[in-house]
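Novice: The structure's right below; bear with me while I get my questions together.
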Amino acid sequence: MSTQDLSETDDANVRLPMTRQRKIIHVDMDAFYAAVEQRDNPDLRDKPVAVGGASQRGVVATASYEARKFGIHSAMPSVTAQRKCPELIFVKPRFDVYREVSRQIRGILAQYTDVIEPVSLDEAYLDVTENKRTIPVATRIAEEIRANIRVETGLTASAGVSYNKFLAKLASDHRKPDGLFVITPKMGPAFVETLPIDKFHGVGPATSTKMKRLEIATGADLKAQSLAFLQAHFGKIGAYYYWIARGIDNRPVCPDRIRKSLGTETTFFTDLTELSAMHNALQPILDKLWHCCAASGIRGRTVTQKVKFADFQIITRSRSVSLVVASRDELEWISLDLLRSVMPAPKGVRLLGVALSNLRLRPAAQAGQMILEL
Ligand code: DCP
Ligand code: MG
């Protein structure tokens with residue numbers, strides 16, 4: 001889900017392979033939202049279920065494994081999903097319940113180490129090289145974690161064990177659902193070589209297309225390229241590609257990480273064309289975002305206004321202030337000004353979003369308890 005952490009790949013980090021062997025586990029819940037819904041409603045069990053909006057304009061957040069057999073996946077328009085599987089059952093998301101389960105899972109993980117990096121509600125990396133239970137075999141820890149999650153939440157998790165984050169994530173995907181897979185140092189390089197390029201975490205659809213144009217279709221193709229070539233074509237991230245093609249990834253598991261941006265967005269029932277209508281539509285978005293800032297003590301220096309048009313084209317406009325955006329009024333003013341800069345809208349507007357980045361904690365919040373999870 002997250003490509004955010006790739007931006008943490010600074011050059012020094014990827015250039016100097018570390019000598020000490022680490023033990024990393026990646027835990028990822030199976031069909032998370034859908035599995036929670038199936039757990040809480042027996043009528044949904046063993047059935048194709050999609051969590052998301054059933055409306056004309058809704059999208060699928062996730063689908064049960066029964067639904068995936070029909071080709072249904074996250075981010076698919078609900079109408080397409082319904083067409084692919086007429087008996088598909090749509091369920092509205094219950095984020096409070098997912099957050100609660102996520103907290104339970106974090107509790108289980110914390111019994112083994114404090115070096116936990118949550119990636120999303122259902123996914124986290126753990127560095128168990130040193131662990132609270134002094135269990136020497138990471139695979140045993142992963143097995144225990146999966147068993148505890150099953151007992152305490154009634155849900156299944158998949159886990160990957162390896163010597164770095166990149167491979168641990170690949171490993172957790174490898175035996176999904178309800179699976180465990182280990183990639184040992186001996187297996188790592190060969191495992192990466194056989195991998196199709198779009199399976200690489202951090203290679204999105206655009207990069208994948210670009211790589212294929214450069215005749216890079218697999219890990220082995222990627223490995224055949226020089227560092228200079230990859231940097232020339234992909235910039236800073238080129239070094240990351242160079243090393244992961246060799247199974248090397250020295251990004252640390254970062255506990256306590258504060259997210260890099262805080263944002264919210266809304267898809268409208270009908271496309272908007274007038275600035276005044278967009279201004280109105282922005283109000284609940286700004287309320288929600290500012291509420292998050294107020295509740296967490298997080299402030300941001302950069303405001304990004306996102307606009308998605310009826311044809312799904314997305315544009316973003318950003319502006320930074322010198323210190324931090326200090327009030328909801330200031331946030332509204334900047335956001336509206338950014339929106340004005342793309343007016344008149346060339347086509348109907350389907351979605352608006354506002355995000356804050358360059359985040360920092362308000363001094364008062366810093367002095368008190370650090371709020372790390374939103
Ligand atoms: N999610 C979402 N929109 C997306 C992707 C995911 O709302 N485009 C939500 C719903 C998922 C949850 O995040 O349940 C976790 O995402 P995962 O990518 O881990 O997907 P799942 O847990 O649903 O399935 P998997 O078994 O493949 O991990
Ligand atoms: Mg998952």
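Lettering and numbering for the structure tokens are positional, with chains as A, B, ... in the shown order, residues counted from 1 in each chain, and ligands counted from 1 in the shown order.
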Would you list the contacts of A:Gln283 as a PDB file with C-alpha atoms, in the first residue's frame, taking every protein, DNA or RNA residue within 12 Å and counting only C-alpha atoms, but skipping same-chain residues closer than 4 positions in sequence?
Specialist:
```pdb
ATOM      1  CA  THR A 264      -8.742  13.778   3.306  1.00  0.00           C
ATOM      2  CA  GLU A 265     -10.831  13.726   0.155  1.00  0.00           C
ATOM      3  CA  THR A 266     -14.379  13.209  -1.019  1.00  0.00           C
ATOM      4  CA  SER A 276     -18.948  28.242  -5.445  1.00  0.00           C
ATOM      5  CA  ALA A 277     -20.175  24.630  -5.346  1.00  0.00           C
ATOM      6  CA  MET A 278     -16.604  23.432  -4.890  1.00  0.00           C
ATOM      7  CA  HIS A 279     -16.088  25.948  -2.106  1.00  0.00           C
ATOM      8  CA  ASP A 287     -13.413  20.485   8.909  1.00  0.00           C
ATOM      9  CA  LYS A 288     -12.256  16.901   9.014  1.00  0.00           C
ATOM     10  CA  LEU A 289      -8.638  17.719   8.229  1.00  0.00           C
ATOM     11  CA  TRP A 290      -8.479  20.519  10.768  1.00  0.00           C
ATOM     12  CA  HIS A 291     -10.140  18.324  13.358  1.00  0.00           C
ATOM     13  CA  ARG A 328      -8.637  26.407   9.768  1.00  0.00           C
ATOM     14  CA  ASP A 329      -9.291  29.779   8.132  1.00  0.00           C
ATOM     15  CA  LEU A 331      -6.110  26.351   5.509  1.00  0.00           C
ATOM     16  CA  GLU A 332      -9.361  27.262   3.762  1.00  0.00           C
ATOM     17  CA  TRP A 333      -7.910  30.386   2.288  1.00  0.00           C
ATOM     18  CA  SER A 335      -6.910  25.657  -0.413  1.00  0.00           C
ATOM     19  CA  LEU A 336      -9.450  27.897  -2.117  1.00  0.00           C
ATOM     20  CA  LEU A 352     -11.649  17.199  -4.163  1.00  0.00           C
ATOM     21  CA  GLY A 353      -9.015  16.527  -1.545  1.00  0.00           C
ATOM     22  CA  VAL A 354      -6.859  18.609   0.743  1.00  0.00           C
TER      23      VAL A 354
END
```
Novice: Could you give me, as a PyMOL selection string, every polymer residue with an atom at most 8 Å away from an atom of ligand 2, counting only C-alpha atoms and all ligand atoms?
Specialist: chain A and resi 28-32+122-123+157
Novice: Could you build a table of the residues in chain A lying no more than 8 Å from ligand 1, giving for each the nearest pair of atoms and their separation in Å rounded to one decimal place, using only C-alpha atoms and all ligand atoms, ordered by chain and ascending residue number, as a Markdown table?
Specialist:
```
| residue | atom | partner | partner_atom_place_in_ligand_line | distance |
| --- | --- | --- | --- | --- |
| A:Met1 | CA | ligand 1 | 18 (O) | 5.5 |
| A:Asp28 | CA | ligand 1 | 28 (O) | 5.7 |
| A:Met29 | CA | ligand 1 | 22 (O) | 5.0 |
| A:Asp30 | CA | ligand 1 | 26 (O) | 3.3 |
| A:Ala31 | CA | ligand 1 | 23 (O) | 3.2 |
| A:Phe32 | CA | ligand 1 | 14 (O) | 3.7 |
| A:Tyr33 | CA | ligand 1 | 14 (O) | 4.0 |
| A:Ala34 | CA | ligand 1 | 14 (O) | 6.2 |
| A:Ala35 | CA | ligand 1 | 14 (O) | 7.9 |
| A:Val51 | CA | ligand 1 | 10 (C) | 7.7 |
| A:Gly52 | CA | ligand 1 | 7 (O) | 7.9 |
| A:Val60 | CA | ligand 1 | 3 (N) | 7.1 |
| A:Ala61 | CA | ligand 1 | 7 (O) | 3.8 |
| A:Thr62 | CA | ligand 1 | 10 (C) | 4.6 |
| A:Ala63 | CA | ligand 1 | 23 (O) | 6.4 |
| A:Ser64 | CA | ligand 1 | 23 (O) | 7.5 |
| A:Tyr65 | CA | ligand 1 | 26 (O) | 7.7 |
| A:Ser74 | CA | ligand 1 | 8 (N) | 4.7 |
| A:Ala75 | CA | ligand 1 | 8 (N) | 4.6 |
| A:Ser120 | CA | ligand 1 | 15 (C) | 7.1 |
| A:Leu121 | CA | ligand 1 | 15 (C) | 6.9 |
| A:Asp122 | CA | ligand 1 | 15 (C) | 5.5 |
| A:Glu123 | CA | ligand 1 | 19 (O) | 6.4 |
| A:Ser158 | CA | ligand 1 | 26 (O) | 7.8 |
| A:Asp173 | CA | ligand 1 | 27 (O) | 7.4 |
| A:Lys176 | CA | ligand 1 | 26 (O) | 6.4 |
| A:Pro177 | CA | ligand 1 | 26 (O) | 5.9 |
```
Novice: Could you take the residues named above and write them with N, CA, C and O atoms, as a compact mmCIF listing (two decimals), in the first residue's frame?
Specialist:
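So selection08.txt came out as:
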```
# COMPACT_ATOMS: atom_id res chain seq x y z
N MET A 1 0.80 -1.20 0.00
CA MET A 1 0.00 0.00 0.00
C MET A 1 0.84 1.26 0.00
O MET A 1 0.45 2.28 -0.49
N ASP A 28 0.72 -8.98 7.48
CA ASP A 28 -0.32 -8.32 6.67
C ASP A 28 -1.61 -9.14 6.77
O ASP A 28 -1.63 -10.33 6.44
N MET A 29 -2.66 -8.51 7.27
CA MET A 29 -3.93 -9.20 7.42
C MET A 29 -4.51 -9.57 6.05
O MET A 29 -4.30 -8.86 5.07
N ASP A 30 -5.26 -10.67 6.01
CA ASP A 30 -5.84 -11.12 4.75
C ASP A 30 -7.20 -10.45 4.51
O ASP A 30 -8.06 -10.48 5.39
N ALA A 31 -7.34 -9.88 3.32
CA ALA A 31 -8.60 -9.23 2.92
C ALA A 31 -9.21 -8.45 4.08
O ALA A 31 -10.39 -8.62 4.42
N PHE A 32 -8.42 -7.59 4.68
CA PHE A 32 -8.69 -7.10 6.03
C PHE A 32 -10.13 -6.63 6.28
O PHE A 32 -10.85 -7.23 7.09
N TYR A 33 -10.58 -5.59 5.59
CA TYR A 33 -11.94 -5.07 5.90
C TYR A 33 -12.99 -6.16 5.65
O TYR A 33 -13.93 -6.31 6.42
N ALA A 34 -12.81 -6.90 4.55
CA ALA A 34 -13.82 -7.91 4.19
C ALA A 34 -13.83 -9.05 5.22
O ALA A 34 -14.89 -9.57 5.58
N ALA A 35 -12.63 -9.40 5.70
CA ALA A 35 -12.55 -10.49 6.68
C ALA A 35 -13.24 -10.08 7.99
O ALA A 35 -13.90 -10.90 8.63
N VAL A 51 -16.13 -4.64 0.25
CA VAL A 51 -16.36 -3.53 1.17
C VAL A 51 -16.16 -2.27 0.36
O VAL A 51 -15.15 -2.11 -0.33
N GLY A 52 -17.15 -1.37 0.43
CA GLY A 52 -17.05 -0.14 -0.34
C GLY A 52 -18.42 0.37 -0.67
O GLY A 52 -19.42 -0.12 -0.16
N VAL A 60 -14.40 -0.25 -4.81
CA VAL A 60 -14.19 -1.36 -3.89
C VAL A 60 -12.94 -1.06 -3.05
O VAL A 60 -11.88 -0.77 -3.61
N ALA A 61 -13.09 -1.07 -1.72
CA ALA A 61 -11.92 -0.88 -0.85
C ALA A 61 -11.14 -2.18 -0.78
O ALA A 61 -9.93 -2.21 -0.91
N THR A 62 -11.87 -3.27 -0.57
CA THR A 62 -11.24 -4.58 -0.68
C THR A 62 -12.32 -5.63 -0.92
O THR A 62 -13.51 -5.35 -0.76
N ALA A 63 -11.90 -6.81 -1.31
CA ALA A 63 -12.85 -7.87 -1.63
C ALA A 63 -12.42 -9.15 -0.91
O ALA A 63 -11.22 -9.39 -0.72
N SER A 64 -13.39 -9.96 -0.52
CA SER A 64 -13.08 -11.24 0.11
C SER A 64 -12.41 -12.13 -0.93
O SER A 64 -12.53 -11.90 -2.14
N TYR A 65 -11.70 -13.15 -0.46
CA TYR A 65 -11.01 -14.03 -1.42
C TYR A 65 -12.01 -14.73 -2.34
O TYR A 65 -11.69 -15.01 -3.50
N SER A 74 -9.19 -4.31 -4.98
CA SER A 74 -9.22 -2.96 -4.41
C SER A 74 -9.16 -1.92 -5.52
O SER A 74 -8.45 -2.11 -6.51
N ALA A 75 -9.88 -0.82 -5.30
CA ALA A 75 -9.88 0.34 -6.19
C ALA A 75 -10.68 0.13 -7.48
O ALA A 75 -10.74 1.02 -8.32
N SER A 120 0.03 0.45 7.58
CA SER A 120 -1.38 0.84 7.47
C SER A 120 -2.09 0.13 8.62
O SER A 120 -1.44 -0.49 9.46
N LEU A 121 -3.40 0.18 8.63
CA LEU A 121 -4.13 -0.45 9.73
C LEU A 121 -3.83 -1.94 9.81
O LEU A 121 -3.88 -2.53 10.89
N ASP A 122 -3.55 -2.57 8.68
CA ASP A 122 -3.46 -4.03 8.69
C ASP A 122 -2.07 -4.57 8.39
O ASP A 122 -1.92 -5.75 8.14
N GLU A 123 -1.08 -3.70 8.42
CA GLU A 123 0.23 -4.11 7.92
C GLU A 123 1.33 -3.48 8.77
O GLU A 123 1.25 -2.30 9.10
N SER A 158 -1.18 -13.05 7.17
CA SER A 158 -0.04 -13.69 6.51
C SER A 158 1.22 -13.01 6.99
O SER A 158 1.20 -11.82 7.32
N ASP A 173 3.43 -11.83 0.95
CA ASP A 173 2.51 -11.92 -0.19
C ASP A 173 2.50 -13.31 -0.82
O ASP A 173 1.54 -13.69 -1.47
N LYS A 176 -0.17 -15.90 0.63
CA LYS A 176 -1.46 -15.35 1.02
C LYS A 176 -2.60 -16.16 0.45
O LYS A 176 -2.47 -16.60 -0.67
N PRO A 177 -3.75 -16.31 1.11
CA PRO A 177 -4.03 -15.89 2.48
C PRO A 177 -3.58 -16.95 3.49
O PRO A 177 -3.34 -18.10 3.12
```
Novice: Go through A:Ala124, A:Val36, A:Ile149, A:Val182 and flag the residue nearest A:Lys23, using only C-alpha atoms for the distances.
Specialist: A:Val182
Novice: Of the candidates A:Glu330, A:Glu144, A:Asp271, A:Asp249, which one gets nearest to A:Leu167 if we count only C-alpha atoms?
Specialist: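 Selected residue with least distance to A:Leu167: A:Asp249.
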Novice: If you measure from atom CA of A:Leu351 to atom CA of A:Arg68, what distance in Å do you get, rounded to one decimal?
Specialist: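 Interatomic distance, atom CA of A:Leu351 to atom CA of A:Arg68: 26.9 Å.
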Novice: Counting only C-alpha atoms, which of A:Lys260, A:Thr129, A:Ile183, A:Thr270 gets nearest to A:Arg20?
Specialist: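 Answer, going by the shortest atom-to-atom distance: A:Thr129.
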Novice: Taking 5 positions as the minimum chain separation for residues in the same chain, which residues sit within 9 Å of A:Pro185 when counting only C-alpha atoms? Answer as number ranges by chain.
Specialist: A: 21, 162-163, 247
Novice: Go ahead and dump the residues you just picked, C-alpha atoms, as a PDB file, in the first residue's frame.
Specialist:
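Below is the file that was written, part17.pdb:
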```pdb
ATOM      1  CA  GLN A  21      22.208  -9.848   9.486  1.00  0.00           C
ATOM      2  CA  SER A 162      13.470 -12.345   5.769  1.00  0.00           C
ATOM      3  CA  TYR A 163      16.632 -10.313   6.294  1.00  0.00           C
ATOM      4  CA  GLY A 247      18.101  -8.627  -2.637  1.00  0.00           C
TER       5      GLY A 247
END
```
Novice: Compare A:Ala326, A:Leu180, A:Val253, A:Ala171 by their minimum atom-to-atom distance to A:Lys199, counting only C-alpha atoms, and give me the closest one.
Specialist: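 Nearest to A:Lys199: A:Ala171.
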Novice: Hey, can you check how far atom CA of A:Lys236 sits from atom CA of A:Lys169?
Specialist: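 Pair atom CA of A:Lys236 / atom CA of A:Lys169 returns 21.8 Å.
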Novice: From a DSSP pass on the backbone, collect the residues of stretch 74-133 of chain A flagged as strand (DSSP E or B) and hand them back as a PyMOL selection string.
Specialist: chain A and resi 77+89-91+116-120+123-127
Novice: Could you tell me which of A:Ala281, A:Arg150, A:Met211, A:Cys254 comes closest to A:Phe234 if we count only C-alpha atoms?
Specialist: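 The answer is A:Met211, which sits nearest to A:Phe234.
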